[in-house]
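What's in query.txt: compact mmCIF, N, CA and C atoms
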```txt
# COMPACT_ATOMS: atom_id res chain seq x y z
N MET A 1295 78.45 67.55 120.88
CA MET A 1295 77.91 66.59 121.82
C MET A 1295 78.34 65.18 121.44
N ALA A 1296 78.27 64.87 120.14
CA ALA A 1296 78.65 63.54 119.68
C ALA A 1296 80.14 63.30 119.91
N ALA A 1297 80.96 64.35 119.73
CA ALA A 1297 82.40 64.21 119.93
C ALA A 1297 82.71 63.91 121.39
N ALA A 1298 82.00 64.58 122.29
CA ALA A 1298 82.21 64.33 123.72
C ALA A 1298 81.82 62.90 124.07
N GLY A 1299 80.75 62.42 123.49
CA GLY A 1299 80.32 61.04 123.73
C GLY A 1299 81.34 60.04 123.19
N LEU A 1300 81.91 60.35 122.03
CA LEU A 1300 82.93 59.48 121.44
C LEU A 1300 84.17 59.43 122.32
N VAL A 1301 84.62 60.60 122.81
CA VAL A 1301 85.79 60.66 123.68
C VAL A 1301 85.53 59.89 124.97
N ALA A 1302 84.36 60.07 125.55
CA ALA A 1302 84.02 59.36 126.79
C ALA A 1302 83.97 57.85 126.54
N GLY A 1303 83.45 57.44 125.41
CA GLY A 1303 83.39 56.02 125.08
C GLY A 1303 84.77 55.40 124.91
N VAL A 1304 85.65 56.11 124.22
CA VAL A 1304 87.01 55.62 124.01
C VAL A 1304 87.75 55.56 125.34
N ALA A 1305 87.58 56.58 126.17
CA ALA A 1305 88.22 56.59 127.49
C ALA A 1305 87.71 55.43 128.34
N GLY A 1306 86.42 55.20 128.31
CA GLY A 1306 85.85 54.09 129.07
C GLY A 1306 86.36 52.74 128.58
N LEU A 1307 86.48 52.58 127.30
CA LEU A 1307 87.00 51.34 126.72
C LEU A 1307 88.46 51.14 127.12
N SER A 1308 89.25 52.21 127.10
CA SER A 1308 90.66 52.12 127.49
C SER A 1308 90.79 51.70 128.95
N ILE A 1309 89.99 52.29 129.80
CA ILE A 1309 90.02 51.94 131.23
C ILE A 1309 89.62 50.47 131.43
N ALA A 1310 88.63 50.03 130.68
CA ALA A 1310 88.18 48.65 130.79
C ALA A 1310 89.28 47.68 130.37
N VAL A 1311 90.01 48.00 129.31
CA VAL A 1311 91.10 47.12 128.85
C VAL A 1311 92.20 47.05 129.90
N VAL A 1312 92.58 48.18 130.48
CA VAL A 1312 93.61 48.20 131.52
C VAL A 1312 93.15 47.40 132.73
N ALA A 1313 91.91 47.59 133.15
CA ALA A 1313 91.38 46.85 134.31
C ALA A 1313 91.34 45.35 134.03
N HIS A 1314 90.94 44.98 132.83
CA HIS A 1314 90.89 43.57 132.45
C HIS A 1314 92.29 42.95 132.49
N ASN A 1315 93.28 43.63 131.95
CA ASN A 1315 94.64 43.12 131.95
C ASN A 1315 95.19 42.98 133.37
N ARG A 1316 94.92 43.95 134.21
CA ARG A 1316 95.39 43.88 135.60
C ARG A 1316 94.68 42.75 136.35
N ALA A 1317 93.40 42.57 136.11
CA ALA A 1317 92.66 41.48 136.76
C ALA A 1317 93.24 40.13 136.33
N ASN A 1318 93.57 39.97 135.07
CA ASN A 1318 94.18 38.73 134.60
C ASN A 1318 95.53 38.50 135.27
N GLN A 1319 96.31 39.55 135.45
CA GLN A 1319 97.60 39.44 136.11
C GLN A 1319 97.43 39.01 137.57
N VAL A 1320 96.47 39.58 138.26
CA VAL A 1320 96.21 39.22 139.65
C VAL A 1320 95.76 37.77 139.76
N VAL A 1321 94.90 37.33 138.85
CA VAL A 1321 94.45 35.94 138.86
C VAL A 1321 95.64 35.00 138.65
N GLU A 1322 96.53 35.32 137.73
CA GLU A 1322 97.70 34.49 137.48
C GLU A 1322 98.60 34.44 138.72
N GLU A 1323 98.80 35.58 139.38
CA GLU A 1323 99.63 35.61 140.58
C GLU A 1323 99.02 34.80 141.71
N CYS A 1324 97.73 34.91 141.89
CA CYS A 1324 97.05 34.13 142.94
C CYS A 1324 97.12 32.65 142.63
N THR A 1325 96.95 32.29 141.38
CA THR A 1325 97.03 30.89 140.98
C THR A 1325 98.41 30.33 141.26
N GLU A 1326 99.44 31.10 140.94
CA GLU A 1326 100.82 30.66 141.18
C GLU A 1326 101.09 30.53 142.68
N ALA A 1327 100.63 31.47 143.48
CA ALA A 1327 100.83 31.40 144.93
C ALA A 1327 100.10 30.19 145.51
N MET A 1328 98.89 29.92 145.05
CA MET A 1328 98.15 28.76 145.52
C MET A 1328 98.82 27.46 145.08
N ARG A 1329 99.34 27.42 143.86
CA ARG A 1329 100.04 26.24 143.39
C ARG A 1329 101.24 25.93 144.27
N ARG A 1330 101.99 26.96 144.63
CA ARG A 1330 103.16 26.77 145.49
C ARG A 1330 102.75 26.28 146.87
N GLN A 1331 101.67 26.82 147.42
CA GLN A 1331 101.19 26.38 148.73
C GLN A 1331 100.71 24.93 148.68
N LEU A 1332 100.00 24.57 147.62
CA LEU A 1332 99.50 23.20 147.48
C LEU A 1332 100.64 22.21 147.31
N GLN A 1333 101.69 22.61 146.60
CA GLN A 1333 102.85 21.75 146.46
C GLN A 1333 103.47 21.46 147.82
N LEU A 1334 103.56 22.48 148.64
CA LEU A 1334 104.13 22.31 149.97
C LEU A 1334 103.26 21.37 150.81
N LEU A 1335 101.94 21.58 150.78
CA LEU A 1335 101.03 20.76 151.57
C LEU A 1335 100.96 19.33 151.05
N ALA A 1336 101.00 19.16 149.75
CA ALA A 1336 100.89 17.83 149.16
C ALA A 1336 102.16 17.01 149.33
N GLY A 1337 103.26 17.70 149.60
CA GLY A 1337 104.53 16.99 149.74
C GLY A 1337 104.48 15.95 150.83
N GLY A 1338 103.82 16.26 151.94
CA GLY A 1338 103.67 15.31 153.03
C GLY A 1338 104.98 14.86 153.64
N ASN A 1339 106.06 15.50 153.29
CA ASN A 1339 107.37 15.12 153.79
C ASN A 1339 107.56 15.73 155.17
N SER A 1340 107.73 14.88 156.17
CA SER A 1340 107.85 15.38 157.54
C SER A 1340 109.17 16.08 157.79
N THR A 1341 110.12 15.97 156.84
CA THR A 1341 111.40 16.64 157.03
C THR A 1341 111.36 18.09 156.56
N ILE A 1342 110.27 18.51 155.94
CA ILE A 1342 110.14 19.90 155.50
C ILE A 1342 109.81 20.77 156.70
N ASP A 1343 110.61 21.77 156.89
CA ASP A 1343 110.41 22.72 157.98
C ASP A 1343 109.67 23.94 157.44
N GLY A 1344 108.42 24.11 157.83
CA GLY A 1344 107.61 25.23 157.36
C GLY A 1344 108.11 26.59 157.80
N GLN A 1345 108.99 26.61 158.79
CA GLN A 1345 109.54 27.88 159.27
C GLN A 1345 110.86 28.24 158.59
N ALA A 1346 111.43 27.32 157.85
CA ALA A 1346 112.70 27.57 157.17
C ALA A 1346 112.49 28.57 156.03
N LEU A 1347 113.51 29.37 155.72
CA LEU A 1347 113.42 30.29 154.60
C LEU A 1347 113.24 29.51 153.31
N ARG A 1348 112.27 29.96 152.52
CA ARG A 1348 111.99 29.28 151.27
C ARG A 1348 111.97 30.26 150.11
N ASP A 1349 111.41 31.41 150.33
CA ASP A 1349 111.23 32.39 149.25
C ASP A 1349 112.14 33.58 149.48
N VAL A 1350 112.99 33.87 148.49
CA VAL A 1350 113.96 34.95 148.60
C VAL A 1350 113.94 35.76 147.32
N ALA A 1351 113.98 37.08 147.44
CA ALA A 1351 114.10 37.94 146.26
C ALA A 1351 114.78 39.24 146.67
N ILE A 1352 115.60 39.75 145.77
CA ILE A 1352 116.30 41.01 146.01
C ILE A 1352 116.13 41.92 144.80
N VAL A 1353 115.87 43.20 145.10
CA VAL A 1353 115.73 44.23 144.07
C VAL A 1353 116.80 45.27 144.32
N HIS A 1354 117.66 45.53 143.33
CA HIS A 1354 118.67 46.58 143.42
C HIS A 1354 118.14 47.81 142.69
N TYR A 1355 118.44 49.00 143.22
CA TYR A 1355 117.93 50.22 142.60
C TYR A 1355 118.73 51.43 143.07
N ASP A 1356 118.51 52.55 142.40
CA ASP A 1356 119.11 53.83 142.78
C ASP A 1356 118.09 54.58 143.61
N ALA A 1357 118.31 54.63 144.92
CA ALA A 1357 117.36 55.29 145.80
C ALA A 1357 117.59 56.80 145.86
N LEU A 1358 118.82 57.22 145.67
CA LEU A 1358 119.17 58.63 145.78
C LEU A 1358 119.75 59.13 144.47
N LYS A 1359 119.46 60.39 144.15
CA LYS A 1359 119.95 60.96 142.90
C LYS A 1359 121.47 61.08 142.90
N GLU A 1360 122.06 61.21 144.09
CA GLU A 1360 123.50 61.40 144.17
C GLU A 1360 124.30 60.12 143.89
N MET A 1361 123.63 58.99 143.98
CA MET A 1361 124.30 57.70 143.79
C MET A 1361 123.72 56.99 142.57
N SER A 1362 124.59 56.34 141.82
CA SER A 1362 124.13 55.51 140.71
C SER A 1362 124.81 54.16 140.83
N GLY A 1363 124.41 53.23 140.01
CA GLY A 1363 125.00 51.91 140.05
C GLY A 1363 124.19 50.92 140.86
N HIS A 1364 122.96 51.27 141.17
CA HIS A 1364 122.06 50.37 141.90
C HIS A 1364 122.68 49.88 143.21
N ARG A 1365 123.12 50.81 144.04
CA ARG A 1365 123.76 50.46 145.32
C ARG A 1365 122.76 50.20 146.43
N SER A 1366 121.54 50.65 146.30
CA SER A 1366 120.51 50.40 147.30
C SER A 1366 119.81 49.09 146.96
N PHE A 1367 119.20 48.45 147.97
CA PHE A 1367 118.51 47.20 147.70
C PHE A 1367 117.41 46.95 148.71
N SER A 1368 116.45 46.11 148.32
CA SER A 1368 115.41 45.57 149.19
C SER A 1368 115.45 44.06 149.03
N LEU A 1369 115.48 43.36 150.17
CA LEU A 1369 115.61 41.91 150.20
C LEU A 1369 114.45 41.32 150.99
N ALA A 1370 113.70 40.42 150.37
CA ALA A 1370 112.59 39.73 151.03
C ALA A 1370 113.04 38.32 151.38
N LEU A 1371 112.83 37.93 152.65
CA LEU A 1371 113.16 36.59 153.14
C LEU A 1371 111.91 36.03 153.80
N LEU A 1372 111.32 34.97 153.22
CA LEU A 1372 110.04 34.46 153.70
C LEU A 1372 110.08 32.95 153.87
N ASN A 1373 109.26 32.45 154.80
CA ASN A 1373 109.10 31.01 154.94
C ASN A 1373 107.91 30.55 154.11
N ALA A 1374 107.58 29.26 154.19
CA ALA A 1374 106.50 28.71 153.38
C ALA A 1374 105.15 29.33 153.68
N GLY A 1375 104.95 29.80 154.90
CA GLY A 1375 103.68 30.42 155.27
C GLY A 1375 103.58 31.89 154.91
N GLY A 1376 104.64 32.45 154.30
CA GLY A 1376 104.63 33.87 153.94
C GLY A 1376 105.05 34.78 155.06
N ASP A 1377 105.61 34.22 156.13
CA ASP A 1377 106.10 35.03 157.25
C ASP A 1377 107.58 35.30 157.05
N GLY A 1378 108.02 36.49 157.41
CA GLY A 1378 109.43 36.81 157.27
C GLY A 1378 109.69 38.28 157.44
N VAL A 1379 110.60 38.78 156.62
CA VAL A 1379 111.05 40.16 156.75
C VAL A 1379 111.47 40.69 155.38
N VAL A 1380 111.30 42.01 155.21
CA VAL A 1380 111.85 42.71 154.06
C VAL A 1380 112.89 43.68 154.62
N ILE A 1381 114.12 43.53 154.18
CA ILE A 1381 115.22 44.37 154.63
C ILE A 1381 115.63 45.28 153.49
N SER A 1382 115.73 46.58 153.78
CA SER A 1382 116.14 47.54 152.75
C SER A 1382 117.35 48.32 153.23
N SER A 1383 118.26 48.57 152.31
CA SER A 1383 119.43 49.37 152.59
C SER A 1383 119.48 50.50 151.57
N ILE A 1384 119.37 51.73 152.06
CA ILE A 1384 119.41 52.91 151.22
C ILE A 1384 120.82 53.49 151.35
N ASN A 1385 121.57 53.46 150.27
CA ASN A 1385 122.98 53.84 150.31
C ASN A 1385 123.22 55.16 149.60
N GLY A 1386 123.86 56.09 150.31
CA GLY A 1386 124.27 57.37 149.77
C GLY A 1386 125.78 57.51 149.87
N ARG A 1387 126.28 58.67 149.48
CA ARG A 1387 127.72 58.89 149.53
C ARG A 1387 128.24 58.97 150.96
N THR A 1388 127.47 59.56 151.85
CA THR A 1388 127.97 59.80 153.20
C THR A 1388 127.27 58.98 154.27
N GLU A 1389 126.19 58.34 153.92
CA GLU A 1389 125.49 57.55 154.93
C GLU A 1389 124.70 56.42 154.30
N THR A 1390 124.39 55.45 155.14
CA THR A 1390 123.56 54.31 154.75
C THR A 1390 122.47 54.13 155.79
N ARG A 1391 121.26 53.91 155.34
CA ARG A 1391 120.15 53.63 156.25
C ARG A 1391 119.62 52.24 155.94
N THR A 1392 119.32 51.50 157.00
CA THR A 1392 118.81 50.15 156.86
C THR A 1392 117.48 50.03 157.58
N TYR A 1393 116.53 49.39 156.93
CA TYR A 1393 115.19 49.23 157.47
C TYR A 1393 114.81 47.75 157.41
N ALA A 1394 114.08 47.28 158.40
CA ALA A 1394 113.54 45.92 158.41
C ALA A 1394 112.05 46.01 158.70
N LYS A 1395 111.25 45.37 157.87
CA LYS A 1395 109.80 45.40 158.03
C LYS A 1395 109.27 43.97 158.06
N ALA A 1396 108.46 43.70 159.06
CA ALA A 1396 107.91 42.35 159.25
C ALA A 1396 106.85 42.03 158.20
N VAL A 1397 106.76 40.73 157.88
CA VAL A 1397 105.76 40.23 156.94
C VAL A 1397 105.04 39.06 157.60
N ARG A 1398 103.72 39.08 157.57
CA ARG A 1398 102.90 38.01 158.13
C ARG A 1398 101.91 37.55 157.06
N ASN A 1399 101.86 36.26 156.80
CA ASN A 1399 100.96 35.68 155.80
C ASN A 1399 101.09 36.35 154.43
N GLY A 1400 102.31 36.73 154.09
CA GLY A 1400 102.55 37.33 152.78
C GLY A 1400 102.23 38.79 152.68
N HIS A 1401 101.83 39.42 153.78
CA HIS A 1401 101.49 40.85 153.78
C HIS A 1401 102.35 41.59 154.78
N ALA A 1402 102.83 42.75 154.39
CA ALA A 1402 103.69 43.54 155.26
C ALA A 1402 102.89 44.11 156.42
N VAL A 1403 103.51 44.13 157.59
CA VAL A 1403 102.87 44.72 158.77
C VAL A 1403 102.88 46.24 158.63
N ASP A 1404 103.98 46.81 158.11
CA ASP A 1404 104.09 48.25 157.87
C ASP A 1404 103.99 48.52 156.37
N SER A 1405 103.81 49.78 156.02
CA SER A 1405 103.72 50.11 154.60
C SER A 1405 105.09 49.92 153.94
N LEU A 1406 105.04 49.55 152.66
CA LEU A 1406 106.26 49.26 151.91
C LEU A 1406 106.47 50.28 150.80
N SER A 1407 107.74 50.50 150.47
CA SER A 1407 108.08 51.30 149.30
C SER A 1407 107.79 50.44 148.06
N PRO A 1408 107.75 51.05 146.89
CA PRO A 1408 107.53 50.24 145.68
C PRO A 1408 108.59 49.15 145.49
N GLU A 1409 109.83 49.45 145.83
CA GLU A 1409 110.91 48.48 145.69
C GLU A 1409 110.75 47.33 146.69
N GLU A 1410 110.36 47.66 147.92
CA GLU A 1410 110.12 46.63 148.93
C GLU A 1410 108.95 45.75 148.53
N TYR A 1411 107.90 46.36 148.01
CA TYR A 1411 106.74 45.60 147.56
C TYR A 1411 107.12 44.66 146.42
N GLN A 1412 107.95 45.15 145.48
CA GLN A 1412 108.37 44.31 144.36
C GLN A 1412 109.17 43.11 144.84
N ALA A 1413 110.06 43.31 145.82
CA ALA A 1413 110.84 42.20 146.37
C ALA A 1413 109.92 41.19 147.06
N LEU A 1414 108.97 41.68 147.86
CA LEU A 1414 108.03 40.79 148.55
C LEU A 1414 107.20 40.00 147.54
N ARG A 1415 106.67 40.67 146.56
CA ARG A 1415 105.83 40.03 145.55
C ARG A 1415 106.62 38.97 144.78
N ALA A 1416 107.84 39.31 144.39
CA ALA A 1416 108.67 38.37 143.64
C ALA A 1416 109.00 37.14 144.48
N ALA A 1417 109.27 37.36 145.76
CA ALA A 1417 109.57 36.23 146.65
C ALA A 1417 108.35 35.32 146.79
N ARG A 1418 107.19 35.90 147.01
CA ARG A 1418 105.97 35.10 147.18
C ARG A 1418 105.63 34.29 145.93
N LEU A 1419 105.98 34.83 144.78
CA LEU A 1419 105.67 34.14 143.53
C LEU A 1419 106.81 33.23 143.07
N GLY A 1420 107.89 33.19 143.85
CA GLY A 1420 109.02 32.33 143.49
C GLY A 1420 109.81 32.84 142.31
N ARG A 1421 109.85 34.13 142.12
CA ARG A 1421 110.54 34.72 140.97
C ARG A 1421 111.93 35.23 141.32
N GLY A 1422 112.39 34.99 142.53
CA GLY A 1422 113.71 35.44 142.97
C GLY A 1422 114.80 34.55 142.44
N PRO A 1423 116.01 34.72 142.82
CA PRO A 1423 116.41 35.66 143.87
C PRO A 1423 116.60 37.08 143.38
N VAL A 1424 117.03 37.30 142.13
CA VAL A 1424 117.28 38.65 141.67
C VAL A 1424 116.18 39.08 140.71
N VAL A 1425 115.52 40.19 141.04
CA VAL A 1425 114.46 40.73 140.18
C VAL A 1425 114.71 42.22 139.98
N THR A 1426 114.03 42.80 139.02
CA THR A 1426 114.13 44.24 138.78
C THR A 1426 112.75 44.86 138.96
N MET A 1427 112.74 46.17 139.00
CA MET A 1427 111.46 46.88 139.12
C MET A 1427 110.62 46.71 137.86
N ASP A 1428 111.25 46.33 136.76
CA ASP A 1428 110.53 46.16 135.50
C ASP A 1428 109.87 44.80 135.37
N ASP A 1429 110.24 43.84 136.25
CA ASP A 1429 109.64 42.52 136.18
C ASP A 1429 108.15 42.60 136.46
N PRO A 1430 107.33 41.85 135.70
CA PRO A 1430 105.87 41.92 135.93
C PRO A 1430 105.46 41.26 137.22
```
Let me see the file written as structure tokens.
Amino acid sequence: MAAAGLVAGVAGLSIAVVAHNRANQVVEECTEAMRRQLQLLAGGNSTIDGQALRDVAIVHYDALKEMSGHRSFSLALLNAGGDGVVISSINGRTETRTYAKAVRNGHAVDSLSPEEYQALRAARLGRGPVVTMDDP
């Protein structure tokens, strides 16, 4: 009985540490996104076009087992308000598929693949243009 309690306690502590680290990461990302928005608003420069592309990020990856060399990619193109598009190209030996998904206020209208999400997230945080799936 004591061993089961010890295992449950260690498991609970491990989950708490992971949750705490993820919460800290989310807070940092939100702070960075807010800082970028405040910089734009505080600029007060009337020549800044809020609809112009501002945030760009691309993630290269191997989408298919038959292809290597990171020939597939997801590209996020966003304006200052977080509106834009994520374009993905899945490249194989005999065919290529291209997808475009709309983004409004920094959130995708349709569901995203992990690679598309990484490109969108990196663009919103200003970590582009080239990022990898391993980037935090």
query: In Å, with one decimal, what is the gap from atom N of A:Phe1367 to atom C of A:Glu1322?
result: 26.6 Å
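The smallest atom-to-atom distance between A:Ile1384 and any of A:Ala1346, A:Asp1356, A:Leu1372, A:Pro1408, using only N, CA and C atoms, is found for A:Asp1356.
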Skipping near chain neighbours, those fewer than 4 positions away, what residues fall within 7 Å of A:Arg1398 using all atoms listed in the file, listed as a JSON list (two decimals) with N, CA and C atoms, in the frame of the given file?
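Heads up, here's the output in result16.json:
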```json
[["chain", "number", "residue", "atom", "x", "y", "z"],
["A", 1375, "GLY", "N", 104.95, 29.80, 154.90],
["A", 1375, "GLY", "CA", 103.68, 30.42, 155.27],
["A", 1375, "GLY", "C", 103.58, 31.89, 154.91],
["A", 1376, "GLY", "N", 104.64, 32.45, 154.30],
["A", 1376, "GLY", "CA", 104.63, 33.87, 153.94],
["A", 1376, "GLY", "C", 105.05, 34.78, 155.06],
["A", 1377, "ASP", "N", 105.61, 34.22, 156.13],
["A", 1377, "ASP", "CA", 106.10, 35.03, 157.25],
["A", 1377, "ASP", "C", 107.58, 35.30, 157.05],
["A", 1378, "GLY", "N", 108.02, 36.49, 157.41],
["A", 1378, "GLY", "CA", 109.43, 36.81, 157.27],
["A", 1378, "GLY", "C", 109.69, 38.28, 157.44],
["A", 1379, "VAL", "N", 110.60, 38.78, 156.62],
["A", 1379, "VAL", "CA", 111.05, 40.16, 156.75],
["A", 1379, "VAL", "C", 111.47, 40.69, 155.38],
["A", 1402, "ALA", "N", 102.83, 42.75, 154.39],
["A", 1402, "ALA", "CA", 103.69, 43.54, 155.26],
["A", 1402, "ALA", "C", 102.89, 44.11, 156.42],
["A", 1403, "VAL", "N", 103.51, 44.13, 157.59],
["A", 1403, "VAL", "CA", 102.87, 44.72, 158.77],
["A", 1403, "VAL", "C", 102.88, 46.24, 158.63]]
```
Which of stretch 1316-1423 of chain A DSSP labels strand (DSSP E or B), written as number ranges by chain: A: 1347-1355, 1366-1373, 1378-1385, 1390-1398, 1401-1402
message: Ranking A:Ala1357, A:Asn1399, A:Val1425, A:Glu1410 by minimum distance to A:Val1380 and counting only C-alpha atoms, which one comes first?
response: A:Glu1410
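Atom CA of A:Thr1392 sits 20.8 Å away from atom CA of A:Asp1349.
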